[in-house]
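**Student:** What follows is the file final.cif, containing mmCIF, C-alpha atoms and all ligand atoms:
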data_coords
#
loop_
_atom_site.label_atom_id
_atom_site.label_comp_id
_atom_site.auth_asym_id
_atom_site.auth_seq_id
_atom_site.Cartn_x
_atom_site.Cartn_y
_atom_site.Cartn_z
CA MET A 1 29.24 27.73 -108.86
CA ALA A 2 31.30 24.70 -109.82
CA ILE A 3 34.85 25.43 -108.88
CA ARG A 4 37.58 25.37 -111.52
CA THR A 5 39.82 22.40 -110.97
CA VAL A 6 43.32 21.41 -111.95
CA ARG A 7 41.81 19.55 -114.96
CA ASP A 8 40.63 22.88 -116.38
CA LEU A 9 44.12 24.41 -116.49
CA ASP A 10 46.51 24.03 -119.40
CA LEU A 11 49.60 23.05 -117.45
CA SER A 12 51.80 21.97 -120.31
CA GLY A 13 55.35 23.35 -119.88
CA LYS A 14 54.39 25.11 -116.64
CA LYS A 15 55.93 25.42 -113.21
CA VAL A 16 52.94 24.60 -110.99
CA LEU A 17 52.92 26.02 -107.49
CA VAL A 18 50.78 23.74 -105.33
CA ARG A 19 49.55 24.53 -101.80
CA VAL A 20 49.24 21.21 -100.00
CA ASP A 21 48.43 20.34 -96.40
CA PHE A 22 51.61 18.67 -95.14
CA ASN A 23 50.94 19.73 -91.56
CA VAL A 24 51.63 16.18 -90.35
CA PRO A 25 52.73 14.82 -86.97
CA ILE A 26 56.49 14.32 -86.76
CA SER A 27 58.27 12.39 -84.04
CA ASN A 28 62.01 11.82 -83.79
CA GLY A 29 62.54 13.37 -87.22
CA THR A 30 60.12 11.09 -89.07
CA VAL A 31 56.52 11.44 -90.17
CA SER A 32 54.35 9.40 -87.80
CA ASP A 33 51.09 9.67 -89.80
CA ASP A 34 51.31 10.11 -93.58
CA THR A 35 47.53 10.36 -94.25
CA ARG A 36 47.71 13.97 -95.40
CA ILE A 37 50.70 13.32 -97.66
CA ARG A 38 48.92 10.38 -99.31
CA ALA A 39 45.82 12.54 -99.74
CA ALA A 40 47.80 15.02 -101.88
CA LEU A 41 49.26 12.35 -104.21
CA PRO A 42 46.47 12.28 -106.85
CA THR A 43 46.86 16.00 -107.57
CA ILE A 44 50.68 15.83 -107.59
CA LYS A 45 50.68 12.79 -109.88
CA TYR A 46 48.14 14.37 -112.24
CA ILE A 47 50.33 17.48 -112.65
CA LEU A 48 53.42 15.35 -113.25
CA GLU A 49 51.55 13.46 -115.98
CA GLN A 50 51.05 16.71 -117.95
CA PRO A 51 53.82 17.44 -120.48
CA GLU A 52 56.98 19.19 -119.25
CA THR A 53 55.74 20.32 -115.83
CA LYS A 54 57.57 21.01 -112.59
CA VAL A 55 55.73 20.69 -109.28
CA ILE A 56 56.60 23.17 -106.55
CA LEU A 57 54.92 22.21 -103.29
CA MET A 58 54.35 24.52 -100.35
CA SER A 59 52.80 23.98 -96.93
CA HIS A 60 52.95 25.10 -93.35
CA LEU A 61 53.90 22.75 -90.53
CA GLY A 62 52.98 23.47 -86.92
CA ARG A 63 53.16 26.93 -85.44
CA PRO A 64 56.68 28.33 -85.71
CA LYS A 65 56.74 31.94 -84.62
CA GLY A 66 57.33 33.56 -88.01
CA SER A 67 61.04 32.62 -88.24
CA PRO A 68 63.00 29.47 -89.12
CA ASP A 69 62.83 26.77 -86.45
CA PRO A 70 64.33 23.36 -87.30
CA ARG A 71 61.67 21.59 -85.22
CA TYR A 72 59.14 22.60 -87.85
CA SER A 73 61.21 21.87 -90.97
CA LEU A 74 59.41 20.03 -93.77
CA ALA A 75 62.58 18.01 -94.53
CA PRO A 76 61.14 14.78 -92.98
CA VAL A 77 58.08 15.23 -95.21
CA ALA A 78 60.30 15.38 -98.33
CA LYS A 79 61.77 11.99 -97.35
CA GLU A 80 58.31 10.49 -96.83
CA LEU A 81 57.02 11.94 -100.08
CA GLU A 82 59.96 10.42 -101.97
CA LYS A 83 58.94 6.98 -100.72
CA LEU A 84 55.30 7.49 -101.68
CA LEU A 85 56.01 9.00 -105.11
CA HIS A 86 58.96 6.74 -105.94
CA ARG A 87 60.94 9.71 -107.21
CA THR A 88 63.38 12.29 -105.93
CA VAL A 89 61.96 15.24 -104.03
CA ILE A 90 64.20 18.31 -103.92
CA MET A 91 64.00 20.01 -100.51
CA ALA A 92 64.42 23.80 -100.72
CA SER A 93 66.07 25.69 -97.89
CA ASP A 94 63.35 28.36 -97.90
CA CYS A 95 60.06 29.13 -99.62
CA VAL A 96 61.00 32.47 -101.20
CA GLY A 97 64.12 34.30 -102.41
CA GLU A 98 66.71 34.21 -105.19
CA GLU A 99 68.28 30.92 -104.14
CA VAL A 100 64.92 29.13 -104.32
CA GLU A 101 64.04 30.85 -107.60
CA LYS A 102 67.32 29.54 -109.08
CA LEU A 103 66.66 26.06 -107.68
CA VAL A 104 63.27 26.00 -109.39
CA ALA A 105 64.59 27.47 -112.65
CA ASP A 106 67.48 24.97 -112.82
CA ALA A 107 65.40 21.90 -111.94
CA GLU A 108 64.64 19.58 -114.84
CA THR A 109 61.06 19.21 -116.00
CA GLY A 110 59.35 16.44 -114.06
CA SER A 111 61.02 17.62 -110.85
CA VAL A 112 59.20 17.79 -107.53
CA ILE A 113 60.43 20.55 -105.23
CA LEU A 114 59.20 20.96 -101.66
CA LEU A 115 59.57 24.50 -100.32
CA GLU A 116 60.45 24.98 -96.66
CA ASN A 117 57.68 25.80 -94.15
CA THR A 118 55.79 28.93 -95.28
CA ARG A 119 55.28 29.91 -91.62
CA PHE A 120 59.03 30.50 -91.24
CA HIS A 121 57.98 33.95 -92.49
CA ALA A 122 55.58 36.05 -90.41
CA GLU A 123 54.25 37.50 -93.69
CA GLU A 124 52.57 34.16 -94.47
CA THR A 125 49.87 34.51 -91.82
CA THR A 126 49.48 38.27 -92.29
CA ASN A 127 48.82 37.60 -95.99
CA ASP A 128 51.44 40.18 -96.93
CA GLU A 129 51.24 41.18 -100.57
CA SER A 130 54.96 41.37 -101.31
CA PHE A 131 55.44 37.92 -99.71
CA SER A 132 52.62 36.60 -101.93
CA ARG A 133 54.46 38.12 -104.91
CA ALA A 134 57.67 36.39 -103.86
CA LEU A 135 55.81 33.05 -103.74
CA ALA A 136 54.07 33.72 -107.07
CA LYS A 137 57.48 34.22 -108.74
CA LEU A 138 58.07 30.48 -108.33
CA GLY A 139 55.17 29.34 -110.52
CA ASP A 140 53.25 29.97 -113.74
CA ALA A 141 50.06 28.46 -112.31
CA TYR A 142 48.66 27.88 -108.82
CA VAL A 143 46.76 24.89 -107.47
CA ASN A 144 45.30 24.79 -103.98
CA ASP A 145 44.76 21.32 -102.53
CA ALA A 146 44.97 22.23 -98.83
CA PHE A 147 41.35 22.12 -97.66
CA GLY A 148 42.51 22.02 -94.04
CA SER A 149 43.91 25.55 -94.48
CA ALA A 150 41.27 26.94 -96.86
CA HIS A 151 39.49 28.77 -94.01
CA ARG A 152 42.58 30.91 -93.48
CA ALA A 153 43.36 33.93 -95.67
CA HIS A 154 47.12 33.45 -95.68
CA ALA A 155 49.62 34.31 -98.42
CA SER A 156 49.99 30.70 -99.60
CA THR A 157 46.24 30.00 -99.53
CA GLU A 158 44.76 33.32 -100.64
CA GLY A 159 47.26 36.06 -101.50
CA VAL A 160 49.14 34.07 -104.13
CA ALA A 161 45.87 32.89 -105.72
CA ARG A 162 45.17 36.49 -106.74
CA LEU A 163 48.42 36.63 -108.71
CA LEU A 164 48.47 33.43 -110.78
CA PRO A 165 45.95 31.49 -112.85
CA GLY A 166 44.58 29.16 -110.22
CA ALA A 167 42.39 26.14 -109.60
CA ALA A 168 41.47 23.63 -106.93
CA GLY A 169 43.19 20.28 -106.62
CA PHE A 170 41.27 17.02 -106.38
CA LEU A 171 41.03 17.12 -102.58
CA ILE A 172 39.35 20.52 -102.46
CA GLU A 173 37.18 19.53 -105.42
CA LYS A 174 35.88 16.53 -103.45
CA GLU A 175 35.28 18.56 -100.29
CA VAL A 176 33.24 21.12 -102.24
CA GLN A 177 31.33 18.38 -104.09
CA PHE A 178 30.22 16.80 -100.82
CA PHE A 179 29.78 19.78 -98.51
CA GLY A 180 28.23 22.15 -101.08
CA PRO A 181 24.94 20.26 -101.62
CA LEU A 182 24.41 19.82 -97.86
CA LEU A 183 23.85 23.54 -97.59
CA ASP A 184 22.48 24.30 -101.06
CA ASN A 185 20.10 21.49 -101.80
CA PRO A 186 20.43 18.45 -99.53
CA ALA A 187 18.69 15.22 -100.54
CA LYS A 188 15.89 14.65 -98.00
CA PRO A 189 15.51 13.21 -95.45
CA PHE A 190 18.65 15.05 -94.37
CA VAL A 191 19.99 14.02 -90.95
CA ALA A 192 22.56 16.17 -89.14
CA ILE A 193 24.35 14.69 -86.13
CA ILE A 194 26.18 17.29 -84.10
CA GLY A 195 28.18 16.37 -81.03
CA GLY A 196 31.31 17.49 -79.24
CA ALA A 197 32.08 19.36 -76.10
CA LYS A 198 30.53 22.79 -76.40
CA VAL A 199 27.46 24.54 -77.77
CA SER A 200 29.51 27.72 -78.14
CA THR A 201 31.80 26.27 -80.84
CA LYS A 202 28.93 24.65 -82.78
CA ILE A 203 26.25 27.29 -82.43
CA ASP A 204 26.64 28.68 -85.96
CA VAL A 205 26.61 25.16 -87.40
CA LEU A 206 23.36 24.40 -85.54
CA LYS A 207 21.78 27.65 -86.71
CA THR A 208 22.79 27.03 -90.33
CA LEU A 209 21.71 23.39 -90.45
CA MET A 210 18.45 23.72 -88.52
CA PRO A 211 16.34 25.12 -91.41
CA LYS A 212 17.87 22.65 -93.87
CA CYS A 213 17.63 19.32 -92.09
CA THR A 214 14.84 16.85 -91.46
CA THR A 215 16.27 15.50 -88.21
CA LEU A 216 18.84 17.16 -85.98
CA ILE A 217 20.53 14.85 -83.50
CA ILE A 218 22.47 16.59 -80.72
CA GLY A 219 24.79 14.55 -78.54
CA GLY A 220 28.03 14.85 -76.59
CA GLY A 221 28.87 17.40 -73.92
CA MET A 222 26.83 20.11 -75.67
CA SER A 223 23.57 18.19 -75.33
CA TYR A 224 23.37 18.82 -71.56
CA THR A 225 22.91 22.55 -72.08
CA PHE A 226 19.88 21.63 -74.24
CA LEU A 227 18.55 19.14 -71.68
CA LYS A 228 18.90 21.76 -68.95
CA ALA A 229 17.03 24.24 -71.17
CA GLN A 230 14.20 21.67 -71.35
CA GLY A 231 14.10 21.50 -67.55
CA HIS A 232 15.89 18.19 -67.08
CA SER A 233 18.38 17.66 -64.29
CA ILE A 234 21.92 17.18 -65.60
CA GLY A 235 23.93 16.41 -62.43
CA ASN A 236 27.53 17.51 -62.84
CA SER A 237 27.54 17.15 -66.64
CA LEU A 238 29.13 19.74 -68.87
CA VAL A 239 26.97 22.84 -69.22
CA GLU A 240 27.31 26.32 -70.65
CA GLU A 241 24.97 28.46 -68.59
CA ASP A 242 25.43 31.37 -71.04
CA TYR A 243 23.96 29.26 -73.82
CA ILE A 244 20.83 27.93 -72.10
CA GLU A 245 18.71 30.71 -73.60
CA THR A 246 20.20 30.04 -77.06
CA ALA A 247 19.46 26.34 -76.64
CA ARG A 248 15.87 27.18 -75.66
CA SER A 249 15.33 29.27 -78.78
CA LEU A 250 16.83 26.54 -81.01
CA ILE A 251 14.42 24.01 -79.45
CA GLN A 252 11.56 26.41 -80.20
CA GLN A 253 12.80 26.95 -83.76
CA ALA A 254 12.90 23.18 -84.36
CA LYS A 255 9.22 23.00 -83.32
CA GLU A 256 8.25 25.84 -85.65
CA LEU A 257 10.17 24.39 -88.59
CA LYS A 258 8.92 20.86 -87.83
CA VAL A 259 12.49 19.62 -87.62
CA GLU A 260 12.73 16.45 -85.55
CA LEU A 261 15.13 17.29 -82.72
CA LEU A 262 16.66 14.29 -81.02
CA LEU A 263 18.42 14.84 -77.69
CA PRO A 264 19.81 12.09 -75.41
CA LEU A 265 17.03 9.94 -73.91
CA ASP A 266 19.43 8.12 -71.58
CA HIS A 267 23.06 8.26 -70.54
CA MET A 268 26.23 6.51 -69.48
CA VAL A 269 27.35 8.30 -66.32
CA ALA A 270 30.29 8.30 -63.92
CA ASP A 271 31.14 9.79 -60.53
CA GLU A 272 34.23 11.53 -61.84
CA PHE A 273 35.67 12.62 -65.18
CA SER A 274 38.35 9.99 -65.45
CA GLU A 275 39.55 7.27 -67.80
CA THR A 276 39.23 4.69 -65.03
CA ALA A 277 35.77 5.73 -63.85
CA ALA A 278 33.13 2.98 -63.98
CA ALA A 279 30.24 3.59 -66.40
CA ASP A 280 26.61 3.26 -65.18
CA GLU A 281 23.63 3.38 -67.48
CA ILE A 282 20.80 5.75 -66.49
CA ALA A 283 17.58 4.91 -68.36
CA SER A 284 16.20 8.44 -68.22
CA PRO A 285 17.02 11.86 -69.73
CA ASP A 286 17.54 13.12 -66.14
CA VAL A 287 21.04 12.76 -64.77
CA PRO A 288 21.12 12.06 -61.01
CA ASP A 289 22.78 14.58 -58.67
CA GLY A 290 26.54 14.15 -58.43
CA LYS A 291 26.82 12.14 -61.68
CA ILE A 292 28.51 13.21 -64.91
CA ALA A 293 26.96 12.09 -68.20
CA MET A 294 29.82 11.08 -70.48
CA ASP A 295 28.07 9.15 -73.26
CA ILE A 296 24.64 8.47 -74.74
CA GLY A 297 22.81 5.30 -73.67
CA THR A 298 21.11 2.40 -75.51
CA LYS A 299 17.67 4.06 -75.90
CA THR A 300 19.26 7.07 -77.56
CA ILE A 301 21.24 4.85 -79.92
CA ALA A 302 18.06 2.94 -80.85
CA ALA A 303 16.20 6.21 -81.51
CA MET A 304 19.02 7.41 -83.74
CA LYS A 305 19.00 4.20 -85.72
CA SER A 306 15.73 4.64 -87.59
CA ALA A 307 16.39 8.30 -88.45
CA ILE A 308 19.87 7.51 -89.75
CA ALA A 309 18.81 4.37 -91.67
CA GLY A 310 16.30 6.34 -93.74
CA ALA A 311 18.53 9.35 -94.46
CA LYS A 312 19.21 10.29 -98.09
CA SER A 313 21.94 12.66 -96.93
CA LEU A 314 23.73 12.85 -93.63
CA VAL A 315 26.43 14.91 -91.99
CA TRP A 316 28.16 14.10 -88.72
CA ASN A 317 30.37 16.44 -86.74
CA GLY A 318 31.54 15.84 -83.17
CA PRO A 319 31.62 12.75 -80.92
CA MET A 320 28.56 11.67 -78.91
CA GLY A 321 30.54 11.13 -75.72
CA VAL A 322 34.02 11.07 -74.26
CA PHE A 323 35.12 8.52 -76.86
CA GLU A 324 38.77 8.80 -75.84
CA PHE A 325 37.84 6.77 -72.69
CA ASP A 326 36.93 3.18 -73.63
CA ALA A 327 34.05 2.95 -71.14
CA PHE A 328 32.39 5.96 -72.82
CA ALA A 329 33.19 5.25 -76.48
CA ALA A 330 30.18 3.05 -77.33
CA GLY A 331 27.82 5.89 -78.31
CA THR A 332 30.35 7.32 -80.75
CA LEU A 333 31.27 3.85 -82.07
CA GLU A 334 27.61 2.95 -82.66
CA THR A 335 27.08 6.31 -84.36
CA ALA A 336 30.07 5.69 -86.63
CA LYS A 337 28.65 2.24 -87.49
CA MET A 338 25.17 3.64 -88.22
CA VAL A 339 26.68 6.34 -90.42
CA ALA A 340 28.78 3.73 -92.23
CA GLU A 341 25.67 1.59 -92.86
CA CYS A 342 23.48 4.49 -94.04
CA LYS A 343 22.57 4.13 -97.74
CA GLY A 344 22.35 7.89 -98.32
CA THR A 345 25.29 10.21 -99.00
CA THR A 346 27.35 10.39 -95.82
CA VAL A 347 29.80 13.13 -94.87
CA VAL A 348 31.90 13.23 -91.71
CA GLY A 349 33.71 16.43 -90.81
CA GLY A 350 35.56 17.76 -87.79
CA GLY A 351 38.74 16.53 -86.18
CA ASP A 352 37.28 14.34 -83.44
CA SER A 353 34.55 12.60 -85.41
CA VAL A 354 37.10 11.86 -88.14
CA ALA A 355 39.44 10.50 -85.45
CA ALA A 356 36.56 8.33 -84.17
CA VAL A 357 35.80 6.98 -87.66
CA ASN A 358 39.49 6.16 -88.11
CA LYS A 359 39.79 4.68 -84.62
CA PHE A 360 37.00 2.25 -85.55
CA SER A 361 38.38 1.67 -89.11
CA LEU A 362 35.14 2.76 -90.77
CA ALA A 363 36.42 5.54 -93.06
CA GLY A 364 36.18 3.32 -96.16
CA LYS A 365 32.41 2.94 -95.66
CA ILE A 366 31.69 6.66 -95.53
CA ASP A 367 31.24 8.63 -98.76
CA HIS A 368 33.35 11.55 -97.63
CA VAL A 369 35.58 11.95 -94.60
CA SER A 370 36.72 15.56 -94.56
CA THR A 371 40.41 16.43 -94.42
CA GLY A 372 39.76 19.71 -92.60
CA GLY A 373 38.57 20.16 -89.01
CA GLY A 374 38.18 23.93 -88.72
CA ALA A 375 37.57 24.29 -92.45
CA SER A 376 34.71 21.76 -92.48
CA LEU A 377 33.12 23.46 -89.48
CA GLU A 378 33.26 26.85 -91.21
CA PHE A 379 31.84 25.30 -94.37
CA LEU A 380 28.89 23.97 -92.33
CA GLU A 381 28.46 27.42 -90.79
CA GLY A 382 27.73 28.58 -94.34
CA LYS A 383 30.88 30.72 -94.47
CA LYS A 384 32.80 31.29 -97.68
CA LEU A 385 36.26 29.87 -97.15
CA PRO A 386 38.81 32.48 -98.33
CA GLY A 387 41.03 29.88 -100.05
CA ILE A 388 38.06 28.66 -102.09
CA ALA A 389 36.33 32.00 -102.62
CA VAL A 390 39.48 33.42 -104.23
CA LEU A 391 39.55 30.56 -106.75
CA GLU A 392 35.90 31.20 -107.63
CA ARG A 393 36.55 34.95 -108.05
CA ASN A 394 39.54 34.15 -110.20
CA GLN A 395 37.35 32.46 -112.80
CA GLU A 396 34.62 35.11 -113.02
P1 LIG B 401 34.62 19.17 -80.19
O1 LIG B 401 36.05 19.51 -80.42
O2 LIG B 401 33.78 20.32 -79.81
O3 LIG B 401 34.03 18.36 -81.34
O4 LIG B 401 34.59 18.24 -78.89
C1 LIG B 401 35.22 17.00 -78.82
C2 LIG B 401 35.42 16.64 -77.41
O5 LIG B 401 34.17 16.59 -76.76
C3 LIG B 401 36.06 15.28 -77.21
O6 LIG B 401 37.33 15.44 -76.65
C4 LIG B 401 35.10 14.58 -76.26
O7 LIG B 401 35.76 13.88 -75.23
C5 LIG B 401 34.30 15.72 -75.66
N1 LIG B 401 33.01 15.27 -75.16
C6 LIG B 401 32.06 14.58 -75.80
N2 LIG B 401 31.04 14.28 -74.99
C7 LIG B 401 31.34 14.79 -73.77
C8 LIG B 401 30.69 14.79 -72.50
N3 LIG B 401 29.51 14.19 -72.35
N4 LIG B 401 31.30 15.41 -71.48
C9 LIG B 401 32.51 16.01 -71.65
N5 LIG B 401 33.18 16.03 -72.81
C10 LIG B 401 32.60 15.43 -73.87
#
Write out the structure in this file as structure tokens.
**Tutor:**
Amino acid sequence: MAIRTVRDLDLSGKKVLVRVDFNVPISNGTVSDDTRIRAALPTIKYILEQPETKVILMSHLGRPKGSPDPRYSLAPVAKELEKLLHRTVIMASDCVGEEVEKLVADAETGSVILLENTRFHAEETTNDESFSRALAKLGDAYVNDAFGSAHRAHASTEGVARLLPGAAGFLIEKEVQFFGPLLDNPAKPFVAIIGGAKVSTKIDVLKTLMPKCTTLIIGGGMSYTFLKAQGHSIGNSLVEEDYIETARSLIQQAKELKVELLLPLDHMVADEFSETAAADEIASPDVPDGKIAMDIGTKTIAAMKSAIAGAKSLVWNGPMGVFEFDAFAAGTLETAKMVAECKGTTVVGGGDSVAAVNKFSLAGKIDHVSTGGGASLEFLEGKKLPGIAVLERNQE
């Protein structure tokens, strides 16, 4: 179902309560990366362009323990937002209560108010109904634009959406537009590239994508569990013994479904897991005794190239090696470049692959770079995200 968006709401004269993802890094009292704040601007600006509206923004920041903690105040975000919006942002001292209600009521139309961290109240994460009611008192309509928190059923992402007419903001709309078809009806050939450290955290993604994709490329630390399942030697590379059987059955399933499964054909190895370790290329899927495979090699990259070049849709989640160490970043860099050059629809999700794309300044060449790590993973697992499901229910 197409999700109702902010464009479908009549916002004229309304106080609009907007859940944004302002969970940004802060150092020495200032925002050190404003990407998430910028990402929320189109929705905020759109609401302000509607006649006689007030925008009331709410977000969590970090993990305060359910009570006020100045280290997690959103006040530095209000300052940053003022610069980006070129208008005053009123910082509230709390996110619920009479004082905040009065602040909102007294604010002129066209005002932007930022509520204090929702996680200063333990009731936020327990999705407490009376806390949701207290939040709902501040608005006449609700817009959720925090995809990064949509996989959590919290008061500000789920509870409050049951109480007000609600819709998705432009960020969530875009996430759904790009992720939805990958699971429902992907354009073929559909290539899925899954990397990262562990099979255990990606197992549901692999199971969900396997029957849908044309080619499944598995790289990164998790690929050694698969290579071991195939009988290859893996030296001291990362392995999850408990998942070897699972890996074996996924390999079998790929054969049955005629899905092309591409595992590393060669490796960049080191003697120790260290940033200063020298990288050696091993031109074989077998890792010698005592060596740790920390990146894919040139043969693997070449094999990936033709599959990726012909893809009509593609999703990438998880780095192909220890990309944080320069000597082992090439596999992930080359993957990012191949994804950027792919003519099909390209989607990158997951914290580390997004970090890799940004590290190599390739985000502009990818159709959709997800704003949610955990949320994008759960989407690819085929799960209904509570923050999105509630908006769909709301319109039935
Ligand atoms: P994930 O959060 O599961 O996507 O995993 C990302 C992490 O996997 C990154 O920190 C990478 O350094 C790590 N990683 C990727 N390849 C390997 C590898 N071959 N050995 C150990 N760690 C790896």
**Student:** Go through A:Ser361, A:Ser313, A:Thr201, A:Thr214 and flag the residue nearest ligand LIG 401 (chain B), using all atoms listed in the file for the distances.
**Tutor:** A:Thr201
**Student:** Kindly compile the residues surrounding ligand LIG 401 (chain B) within 6 Å, counting all atoms listed in the file, and format them as an mmCIF file with C-alpha atoms, keeping the file's coordinate frame.
**Tutor:**
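Output (pocket-v4.cif):
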data_model
loop_
_atom_site.group_PDB
_atom_site.id
_atom_site.type_symbol
_atom_site.label_atom_id
_atom_site.label_comp_id
_atom_site.auth_asym_id
_atom_site.auth_seq_id
_atom_site.Cartn_x
_atom_site.Cartn_y
_atom_site.Cartn_z
ATOM 1 C CA GLY A 196 31.310 17.490 -79.240
ATOM 2 C CA ALA A 197 32.080 19.360 -76.100
ATOM 3 C CA LYS A 198 30.530 22.790 -76.400
ATOM 4 C CA GLY A 220 28.030 14.850 -76.590
ATOM 5 C CA GLY A 221 28.870 17.400 -73.920
ATOM 6 C CA LEU A 238 29.130 19.740 -68.870
ATOM 7 C CA ALA A 293 26.960 12.090 -68.200
ATOM 8 C CA MET A 294 29.820 11.080 -70.480
ATOM 9 C CA ASP A 295 28.070 9.150 -73.260
ATOM 10 C CA GLY A 318 31.540 15.840 -83.170
ATOM 11 C CA PRO A 319 31.620 12.750 -80.920
ATOM 12 C CA MET A 320 28.560 11.670 -78.910
ATOM 13 C CA GLY A 321 30.540 11.130 -75.720
ATOM 14 C CA VAL A 322 34.020 11.070 -74.260
ATOM 15 C CA PHE A 323 35.120 8.520 -76.860
ATOM 16 C CA GLU A 324 38.770 8.800 -75.840
ATOM 17 C CA ASP A 352 37.280 14.340 -83.440
#
**Student:** Pull the neighbourhood of (18.9, 11.7, -64.7) for me: all residues within 9 Å in file coordinates, counting all atoms listed in the file, as an NGL selection string.
**Tutor:** :A and (232-235 or 266-267 or 282-289 or 291 or 293)
**Student:** Could you pull the residues within 12 Å of Leu250 of chain A, counting only C-alpha atoms, minus those fewer than 5 positions along the same chain, as a VMD selection string?
**Tutor:** chain A and resid 199 203 to 211 216 218 225 to 226 229 to 230 243 to 245 255 to 261
**Student:** Go ahead and save the picked residues with C-alpha atoms, as an mmCIF file, in the frame of the given file.
**Tutor:**
data_model
loop_
_atom_site.group_PDB
_atom_site.id
_atom_site.type_symbol
_atom_site.label_atom_id
_atom_site.label_comp_id
_atom_site.auth_asym_id
_atom_site.auth_seq_id
_atom_site.Cartn_x
_atom_site.Cartn_y
_atom_site.Cartn_z
ATOM 1 C CA VAL A 199 27.460 24.540 -77.770
ATOM 2 C CA ILE A 203 26.250 27.290 -82.430
ATOM 3 C CA ASP A 204 26.640 28.680 -85.960
ATOM 4 C CA VAL A 205 26.610 25.160 -87.400
ATOM 5 C CA LEU A 206 23.360 24.400 -85.540
ATOM 6 C CA LYS A 207 21.780 27.650 -86.710
ATOM 7 C CA THR A 208 22.790 27.030 -90.330
ATOM 8 C CA LEU A 209 21.710 23.390 -90.450
ATOM 9 C CA MET A 210 18.450 23.720 -88.520
ATOM 10 C CA PRO A 211 16.340 25.120 -91.410
ATOM 11 C CA LEU A 216 18.840 17.160 -85.980
ATOM 12 C CA ILE A 218 22.470 16.590 -80.720
ATOM 13 C CA THR A 225 22.910 22.550 -72.080
ATOM 14 C CA PHE A 226 19.880 21.630 -74.240
ATOM 15 C CA ALA A 229 17.030 24.240 -71.170
ATOM 16 C CA GLN A 230 14.200 21.670 -71.350
ATOM 17 C CA TYR A 243 23.960 29.260 -73.820
ATOM 18 C CA ILE A 244 20.830 27.930 -72.100
ATOM 19 C CA GLU A 245 18.710 30.710 -73.600
ATOM 20 C CA LYS A 255 9.220 23.000 -83.320
ATOM 21 C CA GLU A 256 8.250 25.840 -85.650
ATOM 22 C CA LEU A 257 10.170 24.390 -88.590
ATOM 23 C CA LYS A 258 8.920 20.860 -87.830
ATOM 24 C CA VAL A 259 12.490 19.620 -87.620
ATOM 25 C CA GLU A 260 12.730 16.450 -85.550
ATOM 26 C CA LEU A 261 15.130 17.290 -82.720
#
**Student:** Any chance you could tabulate, as CSV, the residues of segment 185-247 of chain A at most 10 Å from segment 327-344 of chain A with each one's nearest atom pair and distance in Å to one decimal, using all atoms listed in the file, in chain and rising number order?
**Tutor:**
residue,atom,partner,partner_atom,distance
A:Ala187,CA,A:Gly344,CA,8.5
A:Lys188,CA,A:Gly344,CA,9.4
A:Pro189,CA,A:Gly344,CA,9.1
A:Phe190,CA,A:Gly344,CA,9.0
A:Val191,CA,A:Gly344,CA,9.9
A:Ile193,CA,A:Thr335,CA,9.0
A:Gly195,CA,A:Thr332,CA,9.3
A:Gly219,CA,A:Gly331,CA,9.2
A:Gly220,CA,A:Thr332,CA,8.9
**Student:** Listing only residues of segment 315-390 of chain A within 7 Å of segment 142-153 of chain A, what is the closest atom pair and its distance in Å (to one decimal) for each, using all atoms listed in the file, sorted by chain and residue number ascending, as a tab-separated table?
**Tutor:**
residue	atom	partner	partner_atom	distance
A:Thr371	CA	A:Gly148	CA	6.0
A:Gly372	CA	A:Gly148	CA	3.9
A:Gly373	CA	A:Gly148	CA	6.7
A:Ala375	CA	A:His151	CA	5.1
A:Leu385	CA	A:His151	CA	4.6
A:Pro386	CA	A:Ala153	CA	5.5
A:Gly387	CA	A:Ala150	CA	4.3
A:Ile388	CA	A:Ala150	CA	6.4
**Student:** Go through A:Ala136, A:Val24, A:Leu74, A:Leu41 and flag the residue nearest Phe170 of chain A, using all atoms listed in the file for the distances.
**Tutor:** A:Leu41
**Student:** Name the residues in contact with Ile44 of chain A at a cut-off of 12 Å, using only C-alpha atoms, excluding same-chain residues fewer than 6 positions from it; report them as an MDAnalysis selection string.
**Tutor:** chainID A and resid 6 16:20 37:38 50 53:58 81 84:85 87 89 110:114 143:145 169:171
**Student:** Name all residues at most 7 Å from Asp140 of chain A (count only C-alpha atoms; drop same-chain ones fewer than 4 positions away) and give them as a list in words.
**Tutor:**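 Residues meeting the cut-off are Lys14, Lys15, Val16 and Leu164 of chain A.
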**Student:** For atom CA of Glu129 of chain A and atom CA of Gly97 of chain A, determine how far apart the two atoms are, in Å to one decimal place.
**Tutor:** 14.7 Å
**Student:** Can you tell me, as lines of an AutoDock Vina configuration file, the centre and edge lengths (Å, one decimal) of the axis-aligned box enclosing all of segment 2-6 of chain A's listed atoms after padding each side by 5 Å?
**Tutor:**
center_x = 37.3
center_y = 23.4
center_z = -110.4
size_x = 22.0
size_y = 14.0
size_z = 13.1
